[in-house]
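**Student:** Questions regarding the structure given below will be posed in turn.
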Amino acid sequence: MYLVKTPEIIKPFAGDLVWNKSREEKKIYLTFDDGPTEKITFEILDLLEGLGAKATFFCIGGNVLKYPDAYKAILEAGHQTANHTWNHMNGWEFSDYSYFKNVLECSRVVDSRLFRPPYGRITQSQAKALKKRYDIIMWDVLSADWRSDVTPEKCLSNVRNNATAGSIIVFHDSEKAYANMIYALPRFIEYSLEGGYAFEVLEKLT
């Protein structure tokens, strides 16, 4: 089970987590989890460049080590990278020590103060400790691009019908999500641009 739109009622109970940005400006924040990948990352970058959109890539440390050229290309294109653990660790299934060690290992190859827990699964004690070093980024809208029971058209409607000013949207830079993502992403960006929205990185780059 998954929720496309994060219910507003739960956000105040997770004060250590960032679910959306300011609702006052017509800006949307695209994020891509689980990359970089050998080919898909470059296809995403080409698409974003063609449409004038910026995004934030939550990278797995092991993938950065495996595909350094793709990681470098993300940064050179003016996008942002962020920590997504070393090997997609589920915080609910590991001790705080093991989890922190995994996040720290990723930080050796991903220099960022932004962190997203894989699966969105993080304990209260893990969040409290990591908050001292990171902004813990969750999401406002899930595209559900990774799900085999979601069609490309449904993936598009998930984001198009639920995104609003300040939304943080999750897509994936992965083989499993590719078919849905590559269909929905350009159509959603074009739709939003026509509505006067801009796409920016989560944190301004210096």
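Letters A, B, ... mark the chains of the structure tokens in the order given; residue numbers begin at 1 per chain; ligand numbers begin at 1, in order shown.
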If you count only C-alpha atoms, which residues fall within 12 Å of Asn90 of chain A, apart from same-chain ones fewer than 3 positions away, as a list in words?
**Tutor:**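 Selected residues are His84, Thr85, Trp86, Asn87, Glu93, Phe94, Ser95, Asp96, Ser98, Tyr99, Phe100, Asn102, Val103, Arg116, Pro117, Pro118, Tyr119, Gly120, Arg121, Ile122, Thr123 and Gln126 of chain A.
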**Student:** Within 9 Å of segment 154-167 of chain A, which residues of segment 3-24 of chain A come that close, and what is the closest atom pair and distance in Å for each? Count only C-alpha atoms and give it as a Markdown table.
**Tutor:**
```
| residue | atom | partner | partner_atom | distance |
| --- | --- | --- | --- | --- |
| A:Val4 | CA | A:Asn158 | CA | 6.4 |
| A:Lys5 | CA | A:Asn162 | CA | 6.4 |
| A:Trp19 | CA | A:Ser167 | CA | 8.0 |
| A:Asn20 | CA | A:Ser167 | CA | 5.3 |
| A:Lys21 | CA | A:Gly166 | CA | 4.4 |
| A:Ser22 | CA | A:Gly166 | CA | 5.0 |
| A:Arg23 | CA | A:Gly166 | CA | 4.8 |
| A:Glu24 | CA | A:Ala165 | CA | 6.9 |
```
**Student:** Output the selection as a compact mmCIF listing (two decimals), in the first residue's frame - C-alpha atoms for each residue.
**Tutor:**
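Contents of the output file result-v9.txt:
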```
# COMPACT_ATOMS: atom_id res chain seq x y z
CA VAL A 4 0.32 9.26 -3.53
CA LYS A 5 -0.33 12.43 -1.52
CA TRP A 19 7.64 17.09 3.57
CA ASN A 20 7.24 20.14 1.34
CA LYS A 21 8.68 23.59 0.71
CA SER A 22 6.97 26.96 0.86
CA ARG A 23 3.44 27.03 -0.56
CA GLU A 24 3.81 30.74 -1.30
```
**Student:** Of the residues A:Arg187, A:His88, A:Lys66, A:Lys39, which is the one nearest to Glu153 of chain A, using only C-alpha atoms?
**Tutor:** A:Arg187
**Student:** List the spatial neighbours of Ser148 of chain A as a JSON list (two decimals) with N, CA and C atoms, in the first residue's frame - criterion: any atom at most 9 Å away, only C-alpha atoms, same-chain residues fewer than 2 positions off excluded.
**Tutor:**
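Result saved to out.json:
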```json
[["chain", "number", "residue", "atom", "x", "y", "z"],
["A", 145, "ASP", "N", 6.24, 5.42, -9.61],
["A", 145, "ASP", "CA", 6.80, 4.95, -10.88],
["A", 145, "ASP", "C", 7.41, 3.56, -10.79],
["A", 146, "TRP", "N", 7.81, 3.13, -9.61],
["A", 146, "TRP", "CA", 8.47, 1.84, -9.44],
["A", 146, "TRP", "C", 7.51, 0.66, -9.40],
["A", 150, "VAL", "N", 1.20, -0.05, -11.63],
["A", 150, "VAL", "CA", 0.90, 1.33, -12.01],
["A", 150, "VAL", "C", 1.28, 1.53, -13.48],
["A", 151, "THR", "N", 0.33, 1.98, -14.27],
["A", 151, "THR", "CA", 0.59, 2.24, -15.68],
["A", 151, "THR", "C", 1.30, 3.58, -15.85],
["A", 176, "LYS", "N", 13.76, -0.38, -12.75],
["A", 176, "LYS", "CA", 12.41, -0.80, -12.37],
["A", 176, "LYS", "C", 11.37, 0.28, -12.64],
["A", 177, "ALA", "N", 11.77, 1.53, -12.47],
["A", 177, "ALA", "CA", 10.83, 2.64, -12.61],
["A", 177, "ALA", "C", 10.86, 3.26, -14.00]]
```
**Student:** My list of candidates is A:Ile28, A:Pro36, A:Ser125, A:Cys59. Which is closest to Gly196 of chain A when distances are computed with only C-alpha atoms?
**Tutor:** A:Ile28
**Student:** List every residue of segment 23-50 of chain A that has an atom at most 9 Å from any atom of segment 71-75 of chain A, and for each one report the closest atom pair and its distance in Å to one decimal, counting only C-alpha atoms, with rows sorted by chain and then by increasing residue number, as CSV.
**Tutor:**
```
residue,atom,partner,partner_atom,distance
A:Gly35,CA,A:Tyr71,CA,8.4
A:Pro36,CA,A:Tyr71,CA,6.0
A:Thr37,CA,A:Tyr71,CA,8.6
A:Thr41,CA,A:Ile74,CA,7.9
A:Phe42,CA,A:Ala73,CA,7.7
A:Leu45,CA,A:Ile74,CA,7.0
```
**Student:** Any chance you can output those residues with C-alpha atoms as a short mmCIF file (atom, residue, chain, number, x, y, z; two decimals), in the first residue's frame?
**Tutor:**
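Written file, selection_38.cif:
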```cif
data_model
loop_
_atom_site.label_atom_id
_atom_site.label_comp_id
_atom_site.auth_asym_id
_atom_site.auth_seq_id
_atom_site.Cartn_x
_atom_site.Cartn_y
_atom_site.Cartn_z
CA GLY A 35 20.72 6.43 -8.81
CA PRO A 36 22.95 7.16 -10.43
CA THR A 37 22.64 4.56 -13.18
CA THR A 41 20.72 9.15 -15.40
CA PHE A 42 21.97 10.65 -18.67
CA LEU A 45 19.59 14.87 -17.51
#
```
**Student:** Between A:Ile44, A:Val18, A:Ile189, A:Val170, which has the minimum distance to Phe58 of chain A (counting only C-alpha atoms)?
**Tutor:** A:Val170
